[in-house]
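S.K.: What follows is the file target02.cif, containing mmCIF, C-alpha atoms:
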```cif
data_target
#
loop_
_atom_site.label_atom_id
_atom_site.label_comp_id
_atom_site.auth_asym_id
_atom_site.auth_seq_id
_atom_site.Cartn_x
_atom_site.Cartn_y
_atom_site.Cartn_z
CA MET A 1 -5.56 -99.52 -2.33
CA THR A 2 -8.04 -99.76 -5.20
CA LEU A 3 -10.22 -96.66 -5.29
CA LEU A 4 -13.94 -96.78 -5.96
CA HIS A 5 -15.56 -94.58 -8.59
CA THR A 6 -18.87 -92.74 -8.60
CA PRO A 7 -21.23 -93.03 -11.59
CA LEU A 8 -19.97 -89.61 -12.77
CA ASP A 9 -16.29 -90.59 -12.92
CA ALA A 10 -16.06 -90.38 -16.72
CA LEU A 11 -17.87 -87.03 -16.76
CA HIS A 12 -15.48 -85.57 -14.17
CA ARG A 13 -12.50 -86.52 -16.33
CA GLU A 14 -14.17 -85.18 -19.47
CA LEU A 15 -14.64 -81.86 -17.65
CA GLY A 16 -10.95 -81.72 -16.75
CA ALA A 17 -11.27 -82.43 -13.03
CA ARG A 18 -8.20 -83.03 -10.89
CA MET A 19 -8.98 -86.31 -9.13
CA VAL A 20 -7.80 -87.19 -5.62
CA PRO A 21 -8.41 -90.10 -3.21
CA PHE A 22 -11.15 -89.27 -0.70
CA ALA A 23 -12.94 -91.69 1.65
CA GLY A 24 -11.97 -94.63 -0.57
CA TYR A 25 -13.16 -92.96 -3.79
CA ASP A 26 -11.45 -91.20 -6.67
CA MET A 27 -13.12 -87.78 -6.42
CA PRO A 28 -12.82 -84.39 -8.17
CA VAL A 29 -11.11 -81.86 -5.91
CA GLN A 30 -11.36 -79.08 -8.50
CA TYR A 31 -12.01 -78.32 -12.16
CA PRO A 32 -9.97 -76.04 -14.46
CA ALA A 33 -11.61 -72.86 -13.10
CA GLY A 34 -10.02 -73.53 -9.70
CA ILE A 35 -11.33 -73.70 -6.14
CA ILE A 36 -11.79 -69.95 -5.54
CA LYS A 37 -13.78 -69.39 -8.75
CA GLU A 38 -15.86 -72.51 -8.07
CA HIS A 39 -16.55 -71.29 -4.53
CA LEU A 40 -17.62 -67.82 -5.70
CA HIS A 41 -19.73 -69.22 -8.54
CA THR A 42 -21.70 -71.31 -6.04
CA ARG A 43 -22.30 -68.27 -3.85
CA GLN A 44 -23.37 -66.17 -6.87
CA ALA A 45 -25.21 -68.65 -9.13
CA ALA A 46 -25.37 -72.46 -8.84
CA GLY A 47 -22.86 -75.26 -8.46
CA LEU A 48 -23.31 -78.99 -9.10
CA PHE A 49 -21.58 -81.37 -6.70
CA ASP A 50 -21.16 -85.12 -7.03
CA VAL A 51 -21.75 -86.52 -3.53
CA SER A 52 -22.44 -90.09 -4.65
CA HIS A 53 -19.71 -91.33 -2.31
CA MET A 54 -22.06 -90.66 0.62
CA GLY A 55 -23.96 -93.61 2.05
CA GLN A 56 -27.69 -93.86 1.26
CA VAL A 57 -29.73 -96.28 3.35
CA VAL A 58 -33.46 -97.03 3.69
CA LEU A 59 -34.62 -98.31 7.07
CA SER A 60 -38.08 -99.82 7.32
CA GLY A 61 -40.21 -101.98 9.58
CA PRO A 62 -42.63 -101.53 12.48
CA GLY A 63 -41.28 -99.24 15.18
CA SER A 64 -38.42 -97.87 13.07
CA ALA A 65 -38.82 -94.35 14.48
CA GLU A 66 -38.66 -95.51 18.08
CA LEU A 67 -35.69 -97.74 17.35
CA LEU A 68 -33.78 -94.95 15.60
CA GLU A 69 -34.28 -92.84 18.71
CA THR A 70 -32.23 -95.39 20.68
CA LEU A 71 -29.24 -94.37 18.55
CA VAL A 72 -29.69 -90.60 18.00
CA PRO A 73 -30.85 -87.63 20.14
CA ALA A 74 -33.07 -86.26 17.36
CA ASP A 75 -36.87 -86.23 17.50
CA VAL A 76 -37.50 -88.96 14.93
CA VAL A 77 -40.93 -89.99 16.21
CA GLY A 78 -42.23 -86.44 15.70
CA LEU A 79 -40.85 -86.11 12.18
CA GLY A 80 -43.53 -85.56 9.55
CA ASP A 81 -43.66 -87.34 6.19
CA ASN A 82 -41.09 -85.98 3.73
CA ARG A 83 -39.46 -83.95 6.51
CA GLN A 84 -35.76 -84.14 7.36
CA THR A 85 -33.74 -83.76 10.53
CA TYR A 86 -30.03 -83.48 11.24
CA ALA A 87 -28.96 -86.21 13.66
CA LEU A 88 -25.94 -87.61 15.48
CA PHE A 89 -24.96 -91.17 16.25
CA THR A 90 -23.61 -90.86 19.81
CA ASN A 91 -21.51 -93.22 21.91
CA SER A 92 -21.80 -94.14 25.59
CA SER A 93 -19.57 -91.24 26.65
CA GLY A 94 -21.55 -88.69 24.65
CA GLY A 95 -19.10 -88.47 21.75
CA VAL A 96 -20.15 -88.39 18.10
CA LEU A 97 -19.76 -91.50 15.94
CA ASP A 98 -21.08 -89.71 12.86
CA ASP A 99 -23.57 -87.06 11.79
CA LEU A 100 -26.32 -87.85 9.30
CA ILE A 101 -29.58 -86.66 7.75
CA ILE A 102 -32.77 -88.60 8.43
CA THR A 103 -35.83 -88.20 6.17
CA ARG A 104 -39.18 -89.81 6.91
CA TRP A 105 -40.59 -91.45 3.78
CA GLY A 106 -43.64 -92.95 5.49
CA PRO A 107 -45.02 -94.27 8.80
CA ASP A 108 -42.23 -96.85 9.26
CA THR A 109 -39.77 -95.95 6.50
CA PHE A 110 -36.76 -93.64 6.78
CA PHE A 111 -34.10 -92.52 4.29
CA LEU A 112 -30.68 -91.96 5.85
CA VAL A 113 -27.67 -90.22 4.31
CA VAL A 114 -24.39 -90.84 6.15
CA ASN A 115 -20.82 -89.68 5.61
CA ALA A 116 -18.67 -91.48 3.06
CA GLY A 117 -15.79 -92.18 5.42
CA CYS A 118 -18.11 -93.64 8.07
CA LYS A 119 -20.72 -95.42 6.00
CA GLU A 120 -19.45 -98.97 6.51
CA GLN A 121 -19.25 -98.55 10.28
CA ASP A 122 -22.61 -96.72 10.31
CA ILE A 123 -24.31 -99.53 8.40
CA ALA A 124 -22.79 -102.10 10.77
CA HIS A 125 -23.94 -99.95 13.71
CA LEU A 126 -27.50 -99.88 12.38
CA ARG A 127 -27.54 -103.62 11.69
CA ALA A 128 -26.21 -104.42 15.16
CA HIS A 129 -28.75 -102.30 17.02
CA LEU A 130 -31.83 -102.48 14.79
CA GLU A 131 -32.07 -106.24 14.43
CA GLY A 132 -35.34 -107.30 12.82
CA GLN A 133 -35.71 -104.13 10.76
CA THR A 134 -35.14 -104.06 7.00
CA LEU A 135 -32.01 -102.15 6.01
CA GLU A 136 -31.50 -101.49 2.29
CA VAL A 137 -28.16 -100.02 1.25
CA MET A 138 -28.80 -98.06 -1.93
CA ALA A 139 -25.54 -98.97 -3.65
CA ASP A 140 -27.19 -98.55 -7.06
CA HIS A 141 -28.03 -94.89 -6.44
CA ALA A 142 -26.13 -91.65 -6.99
CA LEU A 143 -26.47 -88.41 -5.06
CA LEU A 144 -26.11 -84.96 -6.63
CA ALA A 145 -26.24 -81.57 -4.91
CA LEU A 146 -27.29 -78.39 -6.70
CA GLN A 147 -26.41 -75.40 -4.51
CA GLY A 148 -26.57 -71.65 -4.81
CA PRO A 149 -29.00 -68.72 -5.15
CA ALA A 150 -29.90 -69.71 -8.75
CA ALA A 151 -30.56 -73.37 -7.86
CA ARG A 152 -34.27 -72.75 -7.32
CA GLU A 153 -34.66 -71.07 -10.69
CA VAL A 154 -32.92 -74.01 -12.37
CA MET A 155 -35.15 -76.51 -10.60
CA GLY A 156 -38.18 -74.42 -11.53
CA ARG A 157 -37.43 -75.09 -15.19
CA LEU A 158 -36.70 -78.81 -14.77
CA CYS A 159 -38.93 -79.86 -11.87
CA PRO A 160 -41.51 -77.29 -10.69
CA GLU A 161 -42.75 -79.45 -7.79
CA ALA A 162 -39.23 -79.59 -6.35
CA SER A 163 -38.70 -75.85 -6.75
CA ALA A 164 -41.56 -75.28 -4.29
CA LEU A 165 -39.78 -77.18 -1.49
CA THR A 166 -38.70 -75.35 1.65
CA PHE A 167 -35.62 -76.14 3.74
CA MET A 168 -35.42 -79.73 5.04
CA ARG A 169 -38.40 -81.02 3.09
CA GLY A 170 -38.41 -83.56 0.28
CA THR A 171 -40.56 -84.97 -2.50
CA ARG A 172 -40.62 -87.72 -5.07
CA ALA A 173 -40.28 -86.22 -8.52
CA ARG A 174 -39.42 -86.92 -12.13
CA ILE A 175 -36.87 -85.16 -14.34
CA ASP A 176 -36.42 -86.08 -17.99
CA GLY A 177 -38.15 -89.41 -17.39
CA VAL A 178 -36.02 -90.31 -14.35
CA ASP A 179 -37.64 -90.95 -10.96
CA LEU A 180 -35.80 -89.18 -8.13
CA TYR A 181 -36.16 -88.20 -4.51
CA ILE A 182 -35.31 -84.53 -4.09
CA THR A 183 -34.76 -82.64 -0.85
CA CYS A 184 -34.23 -78.96 -0.15
CA SER A 185 -30.94 -79.36 1.69
CA GLY A 186 -27.20 -79.21 1.27
CA TYR A 187 -23.96 -78.33 3.01
CA THR A 188 -22.87 -74.97 1.62
CA GLY A 189 -25.11 -72.60 3.59
CA GLU A 190 -26.89 -71.71 0.34
CA ASP A 191 -30.38 -72.54 -0.85
CA GLY A 192 -30.25 -75.75 -2.84
CA PHE A 193 -31.29 -79.32 -3.45
CA GLU A 194 -29.98 -82.86 -3.17
CA LEU A 195 -31.11 -85.44 -5.73
CA SER A 196 -31.05 -89.17 -5.03
CA LEU A 197 -31.45 -91.09 -8.28
CA PRO A 198 -30.52 -94.37 -9.98
CA ALA A 199 -26.81 -94.54 -10.76
CA ALA A 200 -27.57 -95.53 -14.36
CA SER A 201 -29.28 -92.16 -14.93
CA ALA A 202 -26.86 -89.98 -12.97
CA GLU A 203 -24.75 -88.82 -15.90
CA ARG A 204 -27.78 -87.90 -18.00
CA ILE A 205 -29.28 -85.79 -15.22
CA ALA A 206 -25.90 -84.24 -14.38
CA ARG A 207 -25.41 -83.22 -18.02
CA LEU A 208 -28.92 -81.76 -18.09
CA LEU A 209 -28.17 -79.68 -15.01
CA LEU A 210 -24.79 -78.57 -16.34
CA ALA A 211 -26.47 -77.47 -19.57
CA GLN A 212 -28.32 -74.78 -17.62
CA PRO A 213 -26.50 -71.45 -17.98
CA GLU A 214 -26.32 -70.84 -14.23
CA VAL A 215 -24.68 -74.18 -13.34
CA GLU A 216 -20.99 -75.11 -13.18
CA PRO A 217 -19.34 -78.28 -11.80
CA ILE A 218 -17.83 -77.86 -8.32
CA GLY A 219 -15.23 -80.07 -6.62
CA LEU A 220 -14.45 -81.14 -3.07
CA GLY A 221 -12.10 -78.20 -2.49
CA ALA A 222 -14.82 -75.60 -2.84
CA ARG A 223 -17.33 -77.83 -1.08
CA ASP A 224 -15.08 -77.73 1.99
CA SER A 225 -14.45 -73.98 1.89
CA LEU A 226 -18.17 -73.29 1.39
CA ARG A 227 -19.21 -75.41 4.37
CA LEU A 228 -16.48 -73.86 6.53
CA GLU A 229 -17.67 -70.33 5.72
CA ALA A 230 -21.18 -71.51 6.59
CA GLY A 231 -19.89 -72.64 10.01
CA LEU A 232 -20.84 -76.28 9.44
CA CYS A 233 -19.12 -79.25 11.08
CA LEU A 234 -17.25 -81.91 9.11
CA TYR A 235 -16.87 -85.35 10.62
CA GLY A 236 -13.23 -86.16 11.37
CA HIS A 237 -12.51 -82.47 11.92
CA GLU A 238 -15.10 -80.77 14.16
CA LEU A 239 -16.76 -84.06 15.13
CA SER A 240 -15.30 -87.30 16.47
CA PRO A 241 -15.96 -89.92 19.18
CA ALA A 242 -14.04 -87.66 21.59
CA ILE A 243 -16.15 -84.55 20.82
CA ASP A 244 -19.62 -84.13 22.32
CA PRO A 245 -22.55 -82.19 20.82
CA VAL A 246 -22.38 -79.53 23.52
CA GLN A 247 -18.83 -78.36 22.88
CA ALA A 248 -19.54 -78.66 19.15
CA GLY A 249 -22.40 -76.17 19.47
CA LEU A 250 -24.96 -78.75 18.32
CA VAL A 251 -27.33 -78.79 21.29
CA TRP A 252 -30.02 -77.66 18.85
CA SER A 253 -29.80 -81.11 17.20
CA ILE A 254 -31.15 -82.70 20.41
CA GLY A 255 -34.91 -82.69 19.97
CA LYS A 256 -36.94 -80.93 22.67
CA ALA A 257 -38.85 -84.17 23.21
CA ARG A 258 -35.55 -85.94 23.98
CA ARG A 259 -34.31 -83.48 26.61
CA PRO A 260 -35.04 -83.54 30.35
CA GLY A 261 -38.70 -82.66 30.81
CA GLY A 262 -39.56 -83.67 27.25
CA ASP A 263 -42.02 -86.34 26.13
CA ARG A 264 -39.27 -88.94 25.53
CA PRO A 265 -36.21 -87.78 27.44
CA ALA A 266 -32.85 -89.54 27.03
CA GLY A 267 -32.88 -93.11 25.67
CA PHE A 268 -29.88 -92.52 23.40
CA PRO A 269 -26.22 -93.42 24.06
CA GLY A 270 -24.41 -90.96 26.32
CA ALA A 271 -27.58 -89.07 27.26
CA ASP A 272 -26.67 -88.61 30.93
CA ARG A 273 -23.20 -87.33 30.07
CA ILE A 274 -24.58 -84.93 27.44
CA PHE A 275 -27.22 -83.59 29.84
CA GLN A 276 -24.50 -82.98 32.46
CA LEU A 277 -22.48 -81.03 29.91
CA ILE A 278 -25.50 -78.93 28.93
CA GLU A 279 -25.95 -77.99 32.59
CA HIS A 280 -22.31 -77.48 33.60
CA LYS A 281 -20.71 -76.46 30.26
CA PRO A 282 -17.69 -78.28 28.77
CA PRO A 283 -14.26 -76.63 29.04
CA LEU A 284 -13.92 -76.19 25.26
CA ARG A 285 -16.12 -74.46 22.69
CA ARG A 286 -16.18 -74.57 18.90
CA VAL A 287 -15.48 -71.09 17.53
CA GLY A 288 -14.65 -69.32 14.31
CA LEU A 289 -11.32 -67.57 13.82
CA VAL A 290 -10.48 -64.81 11.34
CA VAL A 291 -6.81 -64.32 10.52
CA ASP A 292 -5.54 -60.77 10.99
CA GLY A 293 -3.67 -60.69 7.68
CA LYS A 294 -3.19 -62.99 4.71
CA ARG A 295 -1.02 -65.77 6.15
CA PRO A 296 -3.02 -69.03 6.19
CA VAL A 297 -3.34 -71.26 9.23
CA ARG A 298 -3.77 -75.03 9.09
CA GLU A 299 -5.64 -77.87 10.73
CA GLY A 300 -3.85 -79.20 13.82
CA GLN A 301 -2.01 -75.98 14.62
CA THR A 302 -2.02 -74.76 18.21
CA VAL A 303 -4.07 -71.77 19.36
CA LEU A 304 -2.45 -69.63 22.08
CA ASP A 305 -3.66 -66.78 24.24
CA ARG A 306 -1.83 -63.46 24.38
CA ASN A 307 0.40 -64.86 27.14
CA GLY A 308 1.56 -67.71 24.92
CA GLU A 309 -0.43 -70.37 26.78
CA GLN A 310 -2.12 -73.07 24.69
CA VAL A 311 -5.89 -72.69 24.75
CA GLY A 312 -6.96 -74.78 21.78
CA GLU A 313 -6.36 -76.30 18.37
CA ILE A 314 -7.55 -75.66 14.84
CA CYS A 315 -9.71 -78.39 13.30
CA SER A 316 -10.45 -76.83 9.87
CA ALA A 317 -9.00 -73.89 7.95
CA CYS A 318 -9.15 -72.37 4.47
CA PHE A 319 -9.09 -69.13 2.55
CA GLY A 320 -12.61 -67.73 2.84
CA ALA A 321 -13.15 -66.62 -0.72
CA SER A 322 -16.42 -64.85 0.10
CA VAL A 323 -14.96 -62.96 3.07
CA GLY A 324 -11.57 -62.36 1.47
CA VAL A 325 -9.33 -63.57 4.33
CA PRO A 326 -8.10 -66.87 5.80
CA ILE A 327 -10.54 -68.35 8.30
CA ALA A 328 -10.65 -71.37 10.60
CA ILE A 329 -12.77 -73.34 13.02
CA ALA A 330 -11.15 -74.31 16.31
CA TYR A 331 -11.90 -75.65 19.76
CA VAL A 332 -10.68 -73.20 22.39
CA ALA A 333 -11.03 -72.76 26.14
CA ARG A 334 -14.43 -71.36 27.12
CA ASP A 335 -12.85 -68.27 28.71
CA ASP A 336 -11.25 -67.40 25.35
CA ALA A 337 -14.28 -68.14 23.16
CA GLU A 338 -16.11 -64.82 23.09
CA PRO A 339 -16.28 -63.06 19.70
CA GLY A 340 -13.66 -60.34 19.47
CA THR A 341 -11.13 -62.17 21.64
CA GLN A 342 -7.59 -61.77 20.31
CA LEU A 343 -5.61 -65.02 20.07
CA VAL A 344 -2.53 -66.33 18.29
CA VAL A 345 -1.92 -69.42 16.13
CA ASP A 346 1.51 -71.04 16.19
CA VAL A 347 2.40 -71.43 12.49
CA ARG A 348 5.67 -73.36 12.42
CA GLY A 349 7.05 -71.37 15.32
CA LYS A 350 5.78 -67.99 14.14
CA PRO A 351 2.78 -66.28 15.77
CA VAL A 352 -0.15 -65.38 13.52
CA ALA A 353 -2.76 -63.12 15.09
CA VAL A 354 -6.40 -64.22 14.88
CA THR A 355 -9.69 -62.94 16.22
CA VAL A 356 -12.57 -65.06 17.50
CA ALA A 357 -15.58 -64.49 15.22
CA LYS A 358 -19.23 -65.41 15.22
CA MET A 359 -20.24 -68.21 12.90
CA PRO A 360 -21.37 -68.52 10.22
CA PHE A 361 -18.78 -66.31 8.56
CA VAL A 362 -21.30 -65.58 5.79
CA PRO A 363 -25.10 -65.51 6.17
CA GLN A 364 -26.85 -68.83 5.63
CA ARG A 365 -29.47 -68.49 2.92
CA TYR A 366 -31.68 -71.55 3.34
CA PHE A 367 -35.14 -71.07 1.83
CA ARG A 368 -37.73 -71.44 4.59
CA GLY A 369 -40.69 -70.09 2.66
#
```
Would you write out, as structure tokens, the structure that this file holds?
M.R.:
Amino acid sequence: MTLLHTPLDALHRELGARMVPFAGYDMPVQYPAGIIKEHLHTRQAAGLFDVSHMGQVVLSGPGSAELLETLVPADVVGLGDNRQTYALFTNSSGGVLDDLIITRWGPDTFFLVVNAGCKEQDIAHLRAHLEGQTLEVMADHALLALQGPAAREVMGRLCPEASALTFMRGTRARIDGVDLYITCSGYTGEDGFELSLPAASAERIARLLLAQPEVEPIGLGARDSLRLEAGLCLYGHELSPAIDPVQAGLVWSIGKARRPGGDRPAGFPGADRIFQLIEHKPPLRRVGLVVDGKRPVREGQTVLDRNGEQVGEICSACFGASVGVPIAIAYVARDDAEPGTQLVVDVRGKPVAVTVAKMPFVPQRYFRG
């Protein structure tokens, strides 16, 4: 299969990145410093991520907000200009087709960022259900993420108006003569920003950011371990068409206006099923696990109770560089999901003790003003 390349491909190679196939793209998994150092640098200073493989789409036309609400449980109608919301495309059984970020650009214009591995199906989904609306796929744009406690100081030097943003808000801005749309968002649990900009200018802006003393390039390996420590879901791991928002712990993503008794209840695929699950509780819950020791666990391994009975399965795992031990996210039986519960993971026939832990594993440090 021929892999696609982001506009920063040449820069990644110049910086010594190890490239791997990911979601149809050739992407940097790590740089010479290595995943653990990249992870810790992001937590301590600022890391620059190339996320240009993500799908960027602009939806416009009369009634776009109302139409989007037929596909997602989020409160899109109530979203203010330059405000963002996390949303889920659901199916008729209440499962998740993908998760995405929706930003209102104006009365009938919305900017959507969808996952790389799902973007073709998401775009087809939007076209099939929002017939008559204008859907622009921003194939000529890149997406960069600057994350970490020093990200705001860096942006203050380069783009003061962006540095004033609070979590889940955006603004049009200009850096070094390049027009961008910048949001205060990201997927590491840290304060930070995402920059949507023309692909032709991506390398120039990336080099400008990397020239700042606080900033280092960060690959997909550390991006995954950072989001896992922050307790965030990754589509294809914690989310899938067979997993509903309730068991995933994402009931908060269902807008109050969209719930029973709200101004615009239901109206999205699988609403009745999801409301039943909210009331009666699904049998599985998404939980964090901390390994009692140094032996790593892996995605797909079975979680057992102390009697050796299977109670769940791991969906993501890594070494938590900030917490200093292996950690994981799993779906386990509700009766075994309370923090402090002692469980066991079957690692190639050998039991590895784990403890159910509250998520996030590290405090989230979003800037809310």
S.K.: Measure the distance from CA of Arg172 (chain A) to CA of Thr103 (chain A) in Å and round it to one decimal.
M.R.: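 A separation of 12.2 Å between them.
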S.K.: Can you check which parts of region 22-47 of chain A lie within 8 Å of region 221-240 of chain A? Per residue, the shortest pair of atoms and distance in Å to one decimal, counting only C-alpha atoms, sorted by chain and number, as a Markdown table.
M.R.:
```
| residue | atom | partner | partner_atom | distance |
| --- | --- | --- | --- | --- |
| A:Val29 | CA | A:Gly221 | CA | 5.1 |
| A:Gln30 | CA | A:Gly221 | CA | 6.1 |
| A:Ile35 | CA | A:Ala222 | CA | 5.2 |
| A:Ile36 | CA | A:Ala222 | CA | 7.0 |
| A:Glu38 | CA | A:Ala222 | CA | 6.2 |
| A:His39 | CA | A:Ala222 | CA | 4.9 |
```
S.K.: Expressed in Å to a single decimal, how great is the separation between CA of Gly349 (chain A) and CA of Ala248 (chain A)?
M.R.: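 Answer for the CA of Gly349 (chain A) to CA of Ala248 (chain A) separation: 27.8 Å.
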S.K.: Figure out the distance between CA of Arg207 (chain A) and CA of Ala33 (chain A), please, to one decimal in Å.
M.R.: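 Separating CA of Ala33 (chain A) from CA of Arg207 (chain A) is a distance of 17.9 Å.
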S.K.: If you count all atoms listed in the file, which residues fall within 7 Å of region 295-312 of chain A, apart from same-chain ones fewer than 5 positions away, as a list in words?
M.R.: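 Contacts, in chain order: Ala317, Pro326, Ala330, Tyr331, Val332, Ala333, Leu343, Val344, Val345, Asp346 and Val347 of chain A.
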S.K.: Given all atoms listed in the file as the basis, pick out the residue of A:Gly55, A:Gly78, A:Pro149, A:Gly117 nearest to Asp191 (chain A).
M.R.: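 Checking each of A:Gly55, A:Gly78, A:Pro149, A:Gly117 against Asp191 (chain A), counting all atoms listed in the file, the winner is A:Pro149.
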S.K.: Tell me which of A:Gly170, A:Ser52, A:Ala74, A:Thr188 sits closest to Trp105 (chain A), counting all atoms listed in the file.
M.R.: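 Of the candidates, the smallest distance to Trp105 (chain A) is held by A:Gly170.
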S.K.: List the residues matched by the PyMOL selection byres ((chain A and resi 123) around 9) in the displayed structure as a PyMOL selection string, ordered by chain and then by residue number.
M.R.: chain A and resi 55+57+114+118-122+124-128+135+137
S.K.: For the file shown, report as a ChimeraX atom specification the outcome of the PyMOL selection byres ((chain A and resi 150-159) around 10) at residue level.
M.R.: /A:42-48,145-149,160-165,173-176,182,184,190-193,208-209,212-215,367
S.K.: Output C-alpha atoms for every residue in the selection just made, as a JSON list (two decimals), in the coordinates of the input.
M.R.:
```json
[["chain", "number", "residue", "atom", "x", "y", "z"],
["A", 42, "THR", "CA", -21.70, -71.31, -6.04],
["A", 43, "ARG", "CA", -22.30, -68.27, -3.85],
["A", 44, "GLN", "CA", -23.37, -66.17, -6.87],
["A", 45, "ALA", "CA", -25.21, -68.65, -9.13],
["A", 46, "ALA", "CA", -25.37, -72.46, -8.84],
["A", 47, "GLY", "CA", -22.86, -75.26, -8.46],
["A", 48, "LEU", "CA", -23.31, -78.99, -9.10],
["A", 145, "ALA", "CA", -26.24, -81.57, -4.91],
["A", 146, "LEU", "CA", -27.29, -78.39, -6.70],
["A", 147, "GLN", "CA", -26.41, -75.40, -4.51],
["A", 148, "GLY", "CA", -26.57, -71.65, -4.81],
["A", 149, "PRO", "CA", -29.00, -68.72, -5.15],
["A", 160, "PRO", "CA", -41.51, -77.29, -10.69],
["A", 161, "GLU", "CA", -42.75, -79.45, -7.79],
["A", 162, "ALA", "CA", -39.23, -79.59, -6.35],
["A", 163, "SER", "CA", -38.70, -75.85, -6.75],
["A", 164, "ALA", "CA", -41.56, -75.28, -4.29],
["A", 165, "LEU", "CA", -39.78, -77.18, -1.49],
["A", 173, "ALA", "CA", -40.28, -86.22, -8.52],
["A", 174, "ARG", "CA", -39.42, -86.92, -12.13],
["A", 175, "ILE", "CA", -36.87, -85.16, -14.34],
["A", 176, "ASP", "CA", -36.42, -86.08, -17.99],
["A", 182, "ILE", "CA", -35.31, -84.53, -4.09],
["A", 184, "CYS", "CA", -34.23, -78.96, -0.15],
["A", 190, "GLU", "CA", -26.89, -71.71, 0.34],
["A", 191, "ASP", "CA", -30.38, -72.54, -0.85],
["A", 192, "GLY", "CA", -30.25, -75.75, -2.84],
["A", 193, "PHE", "CA", -31.29, -79.32, -3.45],
["A", 208, "LEU", "CA", -28.92, -81.76, -18.09],
["A", 209, "LEU", "CA", -28.17, -79.68, -15.01],
["A", 212, "GLN", "CA", -28.32, -74.78, -17.62],
["A", 213, "PRO", "CA", -26.50, -71.45, -17.98],
["A", 214, "GLU", "CA", -26.32, -70.84, -14.23],
["A", 215, "VAL", "CA", -24.68, -74.18, -13.34],
["A", 367, "PHE", "CA", -35.14, -71.07, 1.83]]
```
S.K.: Which residue out of A:Ile274, A:Leu100, A:Met54, A:Ala328 has the minimum interatomic distance to Thr85 (chain A) when only C-alpha atoms are used?
M.R.: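 Result for the nearest residue to Thr85 (chain A): A:Leu100.
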S.K.: If the PyMOL selection byres ((chain A and resi 329) around 7) is run on the structure shown, which residues does it catch, given as a PDB file with C-alpha atoms, in the frame of the given file?
M.R.:
```
ATOM      1  CA  ARG A 286     -16.180 -74.570  18.900  1.00  0.00           C
ATOM      2  CA  VAL A 287     -15.480 -71.090  17.530  1.00  0.00           C
ATOM      3  CA  GLY A 288     -14.650 -69.320  14.310  1.00  0.00           C
ATOM      4  CA  LEU A 289     -11.320 -67.570  13.820  1.00  0.00           C
ATOM      5  CA  ILE A 314      -7.550 -75.660  14.840  1.00  0.00           C
ATOM      6  CA  CYS A 315      -9.710 -78.390  13.300  1.00  0.00           C
ATOM      7  CA  SER A 316     -10.450 -76.830   9.870  1.00  0.00           C
ATOM      8  CA  ALA A 317      -9.000 -73.890   7.950  1.00  0.00           C
ATOM      9  CA  ALA A 328     -10.650 -71.370  10.600  1.00  0.00           C
ATOM     10  CA  ALA A 330     -11.150 -74.310  16.310  1.00  0.00           C
TER      11      ALA A 330
END
```
S.K.: Once 8 Å is added on each side, what are the centre and the three edge lengths, in Å to one decimal, of the axis-aligned box enclosing the listed atoms of region 171-180 of chain A? Present them as AutoDock Vina command-line options.
M.R.:
```
--center_x -38.2 --center_y -88.0 --center_z -10.2 --size_x 20.8 --size_y 22.0 --size_z 31.5
```
S.K.: Smallest atom-to-atom distance to Val76 (chain A): which of A:Phe268, A:Phe49, A:Tyr181, A:Phe319, using all atoms listed in the file?
M.R.: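 Once distances to Val76 (chain A) are computed over all atoms listed in the file, the minimum belongs to A:Phe268.
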